[in-house]
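Structure data (mmCIF, C-alpha atoms) from model28.cif:
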```
data_start
loop_
_atom_site.label_atom_id
_atom_site.label_comp_id
_atom_site.auth_asym_id
_atom_site.auth_seq_id
_atom_site.Cartn_x
_atom_site.Cartn_y
_atom_site.Cartn_z
CA MET Q 1343 -37.16 28.97 63.35
CA ILE Q 1344 -33.86 29.90 65.01
CA PHE Q 1345 -30.84 27.78 64.14
CA TRP Q 1346 -27.07 27.80 64.60
CA LYS Q 1347 -24.42 26.69 62.12
CA TYR Q 1348 -21.53 24.65 63.59
CA HIS Q 1349 -18.70 22.57 62.25
CA GLY Q 1350 -16.19 20.03 63.50
CA LEU Q 1351 -13.14 20.02 61.23
CA GLY Q 1352 -15.31 21.21 58.34
CA ASN Q 1353 -18.02 18.58 58.90
CA ASP Q 1354 -20.82 21.13 59.13
CA PHE Q 1355 -24.26 21.05 60.72
CA VAL Q 1356 -27.41 23.04 61.28
CA VAL Q 1357 -28.16 22.80 65.01
CA VAL Q 1358 -31.69 23.41 66.31
CA GLU Q 1359 -33.10 23.36 69.82
CA ASP Q 1360 -36.19 21.17 69.81
CA PRO Q 1361 -37.37 20.92 73.44
CA ASN Q 1362 -41.00 20.29 72.50
CA LEU Q 1363 -40.22 18.11 69.45
CA THR Q 1364 -42.02 20.56 67.16
CA VAL Q 1365 -39.27 21.30 64.61
CA PRO Q 1366 -39.91 19.48 61.28
CA HIS Q 1367 -38.00 16.20 60.94
CA ASP Q 1368 -39.29 15.09 57.54
CA PRO Q 1369 -36.74 14.27 54.81
CA ASP Q 1370 -37.97 17.02 52.45
CA PHE Q 1371 -37.39 19.68 55.14
CA VAL Q 1372 -33.92 18.31 55.90
CA ARG Q 1373 -32.89 18.20 52.25
CA ARG Q 1374 -34.15 21.76 51.70
CA VAL Q 1375 -32.24 23.17 54.67
CA CYS Q 1376 -29.03 21.27 53.89
CA ASP Q 1377 -28.96 22.20 50.19
CA ARG Q 1378 -25.78 24.22 49.61
CA ARG Q 1379 -27.26 26.30 46.80
CA THR Q 1380 -30.81 26.98 47.90
CA GLY Q 1381 -30.70 26.34 51.66
CA VAL Q 1382 -28.41 26.94 54.61
CA GLY Q 1383 -26.01 24.24 53.49
CA ALA Q 1384 -24.84 21.43 55.78
CA ASP Q 1385 -23.92 17.77 56.04
CA GLY Q 1386 -26.94 17.31 58.27
CA ILE Q 1387 -29.27 18.70 60.94
CA LEU Q 1388 -28.69 18.05 64.64
CA TYR Q 1389 -31.81 18.26 66.80
CA ILE Q 1390 -31.30 18.89 70.53
CA GLY Q 1391 -34.19 17.44 72.50
CA PRO Q 1392 -34.99 16.37 76.05
CA ASP Q 1393 -33.96 13.04 77.54
CA ARG Q 1394 -34.90 11.26 80.77
CA ASP Q 1395 -31.54 9.57 81.26
CA ALA Q 1396 -29.07 12.19 80.05
CA ASP Q 1397 -28.64 15.98 79.82
CA ALA Q 1398 -30.01 16.03 76.27
CA PHE Q 1399 -30.83 13.86 73.27
CA MET Q 1400 -29.16 14.42 69.89
CA ARG Q 1401 -31.02 13.29 66.78
CA VAL Q 1402 -28.97 13.21 63.56
CA LEU Q 1403 -30.53 13.56 60.11
CA ASN Q 1404 -28.15 13.43 57.15
CA SER Q 1405 -28.34 15.86 54.25
CA ASP Q 1406 -30.23 13.27 52.17
CA GLY Q 1407 -32.93 13.03 54.84
CA SER Q 1408 -31.83 9.66 56.24
CA GLU Q 1409 -31.18 9.18 59.94
CA ALA Q 1410 -27.81 8.30 61.50
CA GLU Q 1411 -27.40 6.58 64.84
CA MET Q 1412 -24.45 8.72 65.91
CA CYS Q 1413 -22.18 11.52 64.72
CA GLY Q 1414 -18.81 12.08 66.38
CA ASN Q 1415 -18.20 15.57 65.04
CA GLY Q 1416 -21.83 16.48 65.56
CA ILE Q 1417 -21.92 15.49 69.22
CA ARG Q 1418 -18.96 17.78 69.95
CA CYS Q 1419 -20.89 20.63 68.31
CA VAL Q 1420 -24.00 19.86 70.36
CA ALA Q 1421 -21.90 19.70 73.54
CA LYS Q 1422 -20.41 23.11 72.73
CA HIS Q 1423 -23.89 24.54 72.19
CA LEU Q 1424 -25.16 23.13 75.48
CA TYR Q 1425 -22.14 24.51 77.35
CA ASP Q 1426 -21.80 27.92 75.70
CA PHE Q 1427 -25.47 28.77 76.20
CA SER Q 1428 -25.53 27.37 79.76
CA ILE Q 1429 -28.17 24.82 78.87
CA VAL Q 1430 -25.84 22.37 80.62
CA PRO Q 1431 -23.57 24.62 82.75
CA SER Q 1432 -20.95 21.96 83.41
CA GLU Q 1433 -17.78 20.83 81.71
CA ARG Q 1434 -19.01 17.26 82.11
CA MET Q 1435 -22.24 16.18 80.47
CA ARG Q 1436 -24.06 13.20 79.04
CA ILE Q 1437 -25.79 13.22 75.66
CA ASN Q 1438 -28.04 10.39 74.52
CA THR Q 1439 -28.17 9.23 70.88
CA LEU Q 1440 -29.56 6.29 68.94
CA GLY Q 1441 -26.05 4.88 69.42
CA GLY Q 1442 -26.28 5.14 73.20
CA ILE Q 1443 -25.38 7.67 75.91
CA LYS Q 1444 -22.01 9.40 75.52
CA ASP Q 1445 -20.05 10.99 78.37
CA ILE Q 1446 -18.37 14.23 77.33
CA THR Q 1447 -15.75 16.50 78.87
CA ILE Q 1448 -15.56 20.07 77.59
CA GLN Q 1449 -12.28 21.95 77.15
CA ALA Q 1450 -13.16 25.61 77.66
CA ARG Q 1451 -11.24 28.84 77.25
CA GLY Q 1452 -12.66 32.05 78.65
CA GLY Q 1453 -15.98 30.40 79.35
CA VAL Q 1454 -16.34 29.14 75.75
CA ALA Q 1455 -15.98 25.52 74.69
CA VAL Q 1456 -13.20 25.07 72.13
CA ALA Q 1457 -12.94 21.27 72.11
CA ALA Q 1458 -14.48 18.19 73.65
CA THR Q 1459 -13.46 14.68 74.60
CA VAL Q 1460 -16.15 12.07 73.99
CA GLU Q 1461 -16.25 8.60 75.50
CA MET Q 1462 -17.55 6.81 72.45
CA GLY Q 1463 -18.10 3.43 74.07
CA ALA Q 1464 -16.86 0.05 72.91
CA PRO Q 1465 -16.62 -0.79 69.21
CA ARG Q 1466 -18.77 -3.63 68.01
CA LEU Q 1467 -17.15 -6.11 65.65
CA GLU Q 1468 -19.69 -8.91 65.28
CA ARG Q 1469 -21.45 -8.60 61.93
CA PRO Q 1470 -25.08 -8.65 63.16
CA TYR Q 1471 -24.39 -5.59 65.31
CA ILE Q 1472 -22.78 -3.50 62.56
CA PRO Q 1473 -25.13 -4.52 60.76
CA MET Q 1474 -23.55 -6.69 58.07
CA THR Q 1475 -24.61 -9.95 56.50
CA GLY Q 1476 -23.02 -13.14 57.81
CA GLN Q 1477 -21.68 -14.13 61.23
CA GLY Q 1478 -18.48 -13.47 63.16
CA ARG Q 1479 -16.08 -10.60 62.65
CA PHE Q 1480 -15.16 -9.06 59.31
CA VAL Q 1481 -11.47 -8.22 59.87
CA ASP Q 1482 -9.29 -8.10 56.76
CA GLY Q 1483 -12.18 -9.71 54.94
CA THR Q 1484 -12.74 -9.50 51.20
CA LEU Q 1485 -15.74 -8.33 49.24
CA GLU Q 1486 -16.44 -7.96 45.56
CA VAL Q 1487 -17.33 -4.66 43.93
CA ASP Q 1488 -17.31 -3.84 40.24
CA GLY Q 1489 -15.54 -7.09 39.42
CA ARG Q 1490 -12.62 -6.45 41.77
CA THR Q 1491 -11.75 -7.69 45.24
CA VAL Q 1492 -11.35 -5.21 48.09
CA THR Q 1493 -10.02 -5.98 51.57
CA GLY Q 1494 -11.62 -4.25 54.54
CA THR Q 1495 -12.54 -4.34 58.21
CA ALA Q 1496 -16.07 -3.64 59.47
CA VAL Q 1497 -16.58 -1.77 62.76
CA SER Q 1498 -19.63 -0.25 64.42
CA MET Q 1499 -19.22 2.85 66.56
CA GLY Q 1500 -22.98 3.03 67.01
CA ASN Q 1501 -23.12 3.33 63.21
CA PRO Q 1502 -21.55 1.10 60.52
CA HIS Q 1503 -18.09 1.60 59.02
CA LEU Q 1504 -16.00 -0.23 56.44
CA ILE Q 1505 -12.29 0.61 56.66
CA ILE Q 1506 -10.09 0.01 53.61
CA PHE Q 1507 -6.27 -0.08 53.84
CA ASP Q 1508 -5.69 -1.25 50.24
CA PRO Q 1509 -3.36 0.98 48.20
CA LEU Q 1510 -5.71 2.71 45.77
CA THR Q 1511 -5.45 5.60 43.33
CA ASP Q 1512 -7.51 8.75 43.85
CA ASP Q 1513 -9.71 7.75 40.93
CA GLU Q 1514 -10.29 4.28 42.43
CA VAL Q 1515 -11.22 5.83 45.80
CA ARG Q 1516 -13.69 8.22 44.18
CA THR Q 1517 -15.31 5.37 42.26
CA LEU Q 1518 -15.42 2.85 45.09
CA GLY Q 1519 -16.72 5.15 47.84
CA PRO Q 1520 -20.38 5.33 46.80
CA LYS Q 1521 -20.42 1.74 45.57
CA LEU Q 1522 -19.14 0.36 48.87
CA GLU Q 1523 -21.56 2.57 50.83
CA SER Q 1524 -24.49 0.73 49.25
CA HIS Q 1525 -22.87 -2.72 49.03
CA SER Q 1526 -25.35 -5.56 49.50
CA MET Q 1527 -23.44 -6.86 52.53
CA PHE Q 1528 -24.55 -3.77 54.48
CA PRO Q 1529 -28.37 -3.78 54.80
CA ARG Q 1530 -28.44 -0.23 56.25
CA ARG Q 1531 -25.58 1.00 54.04
CA THR Q 1532 -22.22 1.92 55.56
CA ASN Q 1533 -19.71 4.72 55.97
CA VAL Q 1534 -16.50 4.01 54.08
CA GLU Q 1535 -12.99 5.01 55.17
CA PHE Q 1536 -9.95 4.84 52.85
CA VAL Q 1537 -6.74 4.90 54.90
CA CYS Q 1538 -3.11 5.74 54.16
CA ILE Q 1539 -0.24 5.65 56.67
CA GLU Q 1540 1.58 9.00 56.84
CA GLY Q 1541 4.41 8.85 59.38
CA ASP Q 1542 2.87 8.60 62.84
CA ALA Q 1543 -0.59 9.54 61.58
CA LEU Q 1544 -3.32 7.83 59.61
CA SER Q 1545 -4.73 9.86 56.72
CA VAL Q 1546 -8.38 9.09 56.02
CA ALA Q 1547 -10.81 9.96 53.22
CA VAL Q 1548 -14.44 9.33 54.19
CA PHE Q 1549 -17.49 8.66 52.07
CA GLU Q 1550 -20.18 9.28 54.65
CA ARG Q 1551 -23.44 7.36 54.52
CA GLY Q 1552 -26.18 9.81 53.57
CA ALA Q 1553 -23.84 12.78 53.03
CA GLY Q 1554 -21.14 11.73 50.55
CA TRP Q 1555 -17.52 12.86 50.68
CA THR Q 1556 -16.99 14.81 53.87
CA GLN Q 1557 -14.27 16.95 55.44
CA ALA Q 1558 -14.28 14.84 58.60
CA CYS Q 1559 -16.10 12.00 60.35
CA GLY Q 1560 -15.65 11.49 64.08
CA THR Q 1561 -17.08 7.98 64.28
CA GLY Q 1562 -15.09 7.14 61.15
CA ALA Q 1563 -11.87 8.29 62.83
CA CYS Q 1564 -12.70 6.08 65.82
CA ALA Q 1565 -13.50 3.08 63.62
CA THR Q 1566 -10.25 3.63 61.69
CA ALA Q 1567 -8.19 3.61 64.89
CA VAL Q 1568 -9.93 0.37 65.97
CA ALA Q 1569 -9.28 -1.30 62.63
CA ALA Q 1570 -5.67 -0.10 62.60
CA GLY Q 1571 -5.18 -1.46 66.11
CA LEU Q 1572 -6.59 -4.86 65.12
CA ARG Q 1573 -4.13 -4.97 62.22
CA GLY Q 1574 -1.16 -3.83 64.34
CA ILE Q 1575 -0.77 -0.67 62.27
CA ALA Q 1576 -1.50 1.69 65.18
CA PRO Q 1577 -1.00 1.18 68.93
CA LEU Q 1578 -3.84 0.32 71.28
CA GLY Q 1579 -4.00 2.16 74.61
CA ARG Q 1580 -2.30 5.29 73.26
CA ASP Q 1581 -3.43 8.39 71.39
CA VAL Q 1582 -3.49 7.99 67.61
CA ARG Q 1583 -3.56 10.94 65.22
CA ILE Q 1584 -6.23 10.62 62.55
CA ARG Q 1585 -5.71 13.13 59.75
CA LEU Q 1586 -8.86 14.07 57.81
CA PRO Q 1587 -9.29 16.65 55.02
CA GLY Q 1588 -10.59 19.17 57.59
CA GLY Q 1589 -7.96 18.56 60.27
CA GLU Q 1590 -6.90 16.08 62.94
CA LEU Q 1591 -8.63 14.14 65.70
CA SER Q 1592 -6.96 12.29 68.56
CA ILE Q 1593 -8.33 8.78 69.15
CA ASN Q 1594 -7.45 6.40 71.97
CA VAL Q 1595 -8.64 2.78 71.75
CA ALA Q 1596 -8.35 0.75 74.96
CA GLU Q 1597 -6.03 -2.25 74.73
CA ASP Q 1598 -8.92 -4.60 75.51
CA LEU Q 1599 -11.22 -2.78 73.03
CA SER Q 1600 -13.56 -1.88 75.90
CA SER Q 1601 -13.71 1.82 75.02
CA VAL Q 1602 -12.77 4.46 72.48
CA ARG Q 1603 -12.07 8.09 73.37
CA MET Q 1604 -12.19 10.90 70.79
CA THR Q 1605 -10.88 14.46 71.26
CA GLY Q 1606 -11.36 17.29 68.77
CA PRO Q 1607 -12.58 20.85 68.22
CA ALA Q 1608 -16.03 22.32 67.66
CA VAL Q 1609 -16.73 25.75 66.15
CA ARG Q 1610 -19.87 27.89 66.03
CA VAL Q 1611 -20.07 29.77 62.73
CA PHE Q 1612 -23.26 31.86 62.91
CA ARG Q 1613 -26.83 32.13 64.17
CA GLY Q 1614 -29.73 32.48 61.75
CA GLU Q 1615 -33.47 32.38 61.34
CA LEU Q 1616 -35.16 30.12 58.85
CA GLU Q 1617 -38.47 31.13 57.26
CA GLU Q 1618 -40.65 28.03 57.45
#
```
Rewrite the structure from the file as structure tokens, please.
Amino acid sequence: MIFWKYHGLGNDFVVVEDPNLTVPHDPDFVRRVCDRRTGVGADGILYIGPDRDADAFMRVLNSDGSEAEMCGNGIRCVAKHLYDFSIVPSERMRINTLGGIKDITIQARGGVAVAATVEMGAPRLERPYIPMTGQGRFVDGTLEVDGRTVTGTAVSMGNPHLIIFDPLTDDEVRTLGPKLESHSMFPRRTNVEFVCIEGDALSVAVFERGAGWTQACGTGACATAVAAGLRGIAPLGRDVRIRLPGGELSINVAEDLSSVRMTGPAVRVFRGELEE
């Protein structure tokens, strides 16, 4: 099986073309390939398949074998693959996901995609759509974990996110990340973002659902900008710099919350062949 290794700000993926839907999708296969000691090593596998309504379909399986609805860094990598190999020979394309169809604009240099802007759609704030227990929005709400109270905002960008602005120590962040991911208020678990304000940028550490601590999370950066806009910490309608361990993304949240736009790089690392 031929595969390609890509990354977006260090959030790394095995990308496979799956036009006939014949590549294995079972959790054991995914875990074996993503293992960083005995496999290729990745945060997940991105399957590129056909779609009736868009240029391609992207299926996302996390390194633990679970499925994600969307992946912001991953979709930029898939868009680069489609463009660089002339599968979609256009700087504008549409990729379908379990989180909906995303419109993408490629930034190319010398015929090679170096970055992409993704129209991520509107954030969803009502709890049933995140999904999260209860009704209404969870904005600056409180939840209990390990006998302490944490304040957060829940946002869906096609997948669930809990954004925490509380001042926490590094040790507290490391402890709370996995516990909040599996908190009982999130029936399908959640991604967790811990945010600090650094000048005109927001610095974010992400515990990614199904992958653990990650170098970057595109949907998490979008959700963070939404939550920061709701709290008045970051402007709506203007580009916001989201600083992740692997680098920066630019996020623009419409003033009326009708759309979120993400811009960032995508890098191809190598091509390989996997013995099945």
What does the PyMOL selection byres ((chain Q and resi 1491-1498) around 6) select in this file, as a PDB file with C-alpha atoms, in the frame of the given file?
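Result file is selection.pdb:
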```pdb
ATOM      1  CA  PRO Q1465     -16.620  -0.790  69.210  1.00  0.00           C
ATOM      2  CA  ARG Q1466     -18.770  -3.630  68.010  1.00  0.00           C
ATOM      3  CA  LEU Q1467     -17.150  -6.110  65.650  1.00  0.00           C
ATOM      4  CA  ILE Q1472     -22.780  -3.500  62.560  1.00  0.00           C
ATOM      5  CA  PHE Q1480     -15.160  -9.060  59.310  1.00  0.00           C
ATOM      6  CA  VAL Q1481     -11.470  -8.220  59.870  1.00  0.00           C
ATOM      7  CA  ASP Q1482      -9.290  -8.100  56.760  1.00  0.00           C
ATOM      8  CA  GLY Q1483     -12.180  -9.710  54.940  1.00  0.00           C
ATOM      9  CA  THR Q1484     -12.740  -9.500  51.200  1.00  0.00           C
ATOM     10  CA  LEU Q1485     -15.740  -8.330  49.240  1.00  0.00           C
ATOM     11  CA  GLU Q1486     -16.440  -7.960  45.560  1.00  0.00           C
ATOM     12  CA  ARG Q1490     -12.620  -6.450  41.770  1.00  0.00           C
ATOM     13  CA  MET Q1499     -19.220   2.850  66.560  1.00  0.00           C
ATOM     14  CA  GLY Q1500     -22.980   3.030  67.010  1.00  0.00           C
ATOM     15  CA  ASN Q1501     -23.120   3.330  63.210  1.00  0.00           C
ATOM     16  CA  PRO Q1502     -21.550   1.100  60.520  1.00  0.00           C
ATOM     17  CA  HIS Q1503     -18.090   1.600  59.020  1.00  0.00           C
ATOM     18  CA  LEU Q1504     -16.000  -0.230  56.440  1.00  0.00           C
ATOM     19  CA  ILE Q1505     -12.290   0.610  56.660  1.00  0.00           C
ATOM     20  CA  ILE Q1506     -10.090   0.010  53.610  1.00  0.00           C
ATOM     21  CA  ALA Q1565     -13.500   3.080  63.620  1.00  0.00           C
TER      22      ALA Q1565
END
```
Neighbour list for range 1572-1581 of chain Q as a PyMOL selection string, cut-off 6 Å, all atoms listed in the file, skip fewer than 4 positions in-chain
chain Q and resi 1592-1597
If we count all atoms listed in the file, what is near Trp1555 in chain Q at a cut-off of 12 Å, once residues fewer than 3 positions away on the same chain are taken out, given as a list of chain:residue names?
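The contact residues come out as Q:Gly1352, Q:Asn1353, Q:Asp1385, Q:Ser1405, Q:Val1515, Q:Arg1516, Q:Thr1517, Q:Leu1518, Q:Gly1519, Q:Pro1520, Q:Glu1523, Q:Asn1533, Q:Val1534, Q:Glu1535, Q:Phe1536, Q:Val1546, Q:Ala1547, Q:Val1548, Q:Phe1549, Q:Glu1550, Q:Arg1551, Q:Gly1552, Q:Ala1558, Q:Cys1559, Q:Leu1586, Q:Pro1587, Q:Gly1588.
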Would you save the residues of that selection, restricted to C-alpha atoms, as a compact mmCIF listing (two decimals), in the coordinates of the input?
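As written to disk, selection.txt reads:
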```txt
# COMPACT_ATOMS: atom_id res chain seq x y z
CA GLY Q 1352 -15.31 21.21 58.34
CA ASN Q 1353 -18.02 18.58 58.90
CA ASP Q 1385 -23.92 17.77 56.04
CA SER Q 1405 -28.34 15.86 54.25
CA VAL Q 1515 -11.22 5.83 45.80
CA ARG Q 1516 -13.69 8.22 44.18
CA THR Q 1517 -15.31 5.37 42.26
CA LEU Q 1518 -15.42 2.85 45.09
CA GLY Q 1519 -16.72 5.15 47.84
CA PRO Q 1520 -20.38 5.33 46.80
CA GLU Q 1523 -21.56 2.57 50.83
CA ASN Q 1533 -19.71 4.72 55.97
CA VAL Q 1534 -16.50 4.01 54.08
CA GLU Q 1535 -12.99 5.01 55.17
CA PHE Q 1536 -9.95 4.84 52.85
CA VAL Q 1546 -8.38 9.09 56.02
CA ALA Q 1547 -10.81 9.96 53.22
CA VAL Q 1548 -14.44 9.33 54.19
CA PHE Q 1549 -17.49 8.66 52.07
CA GLU Q 1550 -20.18 9.28 54.65
CA ARG Q 1551 -23.44 7.36 54.52
CA GLY Q 1552 -26.18 9.81 53.57
CA ALA Q 1558 -14.28 14.84 58.60
CA CYS Q 1559 -16.10 12.00 60.35
CA LEU Q 1586 -8.86 14.07 57.81
CA PRO Q 1587 -9.29 16.65 55.02
CA GLY Q 1588 -10.59 19.17 57.59
```
Between Q:Met1527, Q:Ile1387, Q:Val1358, Q:Ile1584, which residue has the minimum interatomic distance to Pro1470 in chain Q, considering only C-alpha atoms?
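The closest residue to Pro1470 in chain Q is Q:Met1527.
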Using all atoms listed in the file, pick whichever of Q:Arg1469, Q:Leu1510, Q:Arg1418, Q:Ile1539 has the shortest atom-to-atom distance to Thr1447 in chain Q.
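Of Q:Arg1469, Q:Leu1510, Q:Arg1418, Q:Ile1539, the one nearest Thr1447 in chain Q, counting all atoms listed in the file, is Q:Arg1418.
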Please indicate the distance in Å from CA of Asp1488 in chain Q to CA of Leu1544 in chain Q, rounded to one decimal place.
26.6 Å
Just give me the gap between CA of Ala1570 in chain Q and CA of Asp1508 in chain Q in Å, one decimal is fine.
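A separation of 12.4 Å between them.
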Neighbours of range 1407-1416 of chain Q within 6 Å (all atoms listed in the file; same-chain residues fewer than 6 positions away dropped), as a count of residues only?
10
Rounded to one decimal, what separation in Å do you get between CA of Val1375 in chain Q and CA of Trp1346 in chain Q?
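Computing it gives 12.1 Å between the two atoms.
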Quick one: residues within 12 Å of Glu1617 in chain Q, all atoms listed in the file counted, chain neighbours fewer than 6 positions away excluded, as a list of chain:residue names?
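Skipping anything fewer than 6 positions along the chain leaves Q:Met1343, Q:Ile1344, Q:Phe1345, Q:Phe1371, Q:Arg1374, Q:Val1375, Q:Gly1381, Q:Val1382.
Distance check against Arg1436 in chain Q using only C-alpha atoms: of Q:Ala1464, Q:Cys1538, Q:Val1609, Q:Ala1398, the minimum falls on Q:Ala1398.
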Output of range 1511-1528 of chain Q limited to C-alpha atoms, as an mmCIF file, in the first residue's frame:
```cif
data_model
loop_
_atom_site.group_PDB
_atom_site.id
_atom_site.type_symbol
_atom_site.label_atom_id
_atom_site.label_comp_id
_atom_site.auth_asym_id
_atom_site.auth_seq_id
_atom_site.Cartn_x
_atom_site.Cartn_y
_atom_site.Cartn_z
ATOM 1 C CA THR Q 1511 0.179 25.593 36.023
ATOM 2 C CA ASP Q 1512 1.842 23.260 33.525
ATOM 3 C CA ASP Q 1513 1.281 20.366 35.916
ATOM 4 C CA GLU Q 1514 -2.429 21.219 36.235
ATOM 5 C CA VAL Q 1515 -2.777 21.377 32.433
ATOM 6 C CA ARG Q 1516 -1.088 17.997 31.998
ATOM 7 C CA THR Q 1517 -3.368 16.437 34.604
ATOM 8 C CA LEU Q 1518 -6.617 18.026 33.464
ATOM 9 C CA GLY Q 1519 -6.234 17.431 29.714
ATOM 10 C CA PRO Q 1520 -7.079 13.720 29.595
ATOM 11 C CA LYS Q 1521 -9.644 14.001 32.383
ATOM 12 C CA LEU Q 1522 -11.588 16.754 30.627
ATOM 13 C CA GLU Q 1523 -11.400 14.881 27.308
ATOM 14 C CA SER Q 1524 -13.467 12.060 28.813
ATOM 15 C CA HIS Q 1525 -15.654 14.191 31.095
ATOM 16 C CA SER Q 1526 -19.174 12.800 31.499
ATOM 17 C CA MET Q 1527 -20.697 15.987 30.081
ATOM 18 C CA PHE Q 1528 -19.279 15.074 26.659
#
```
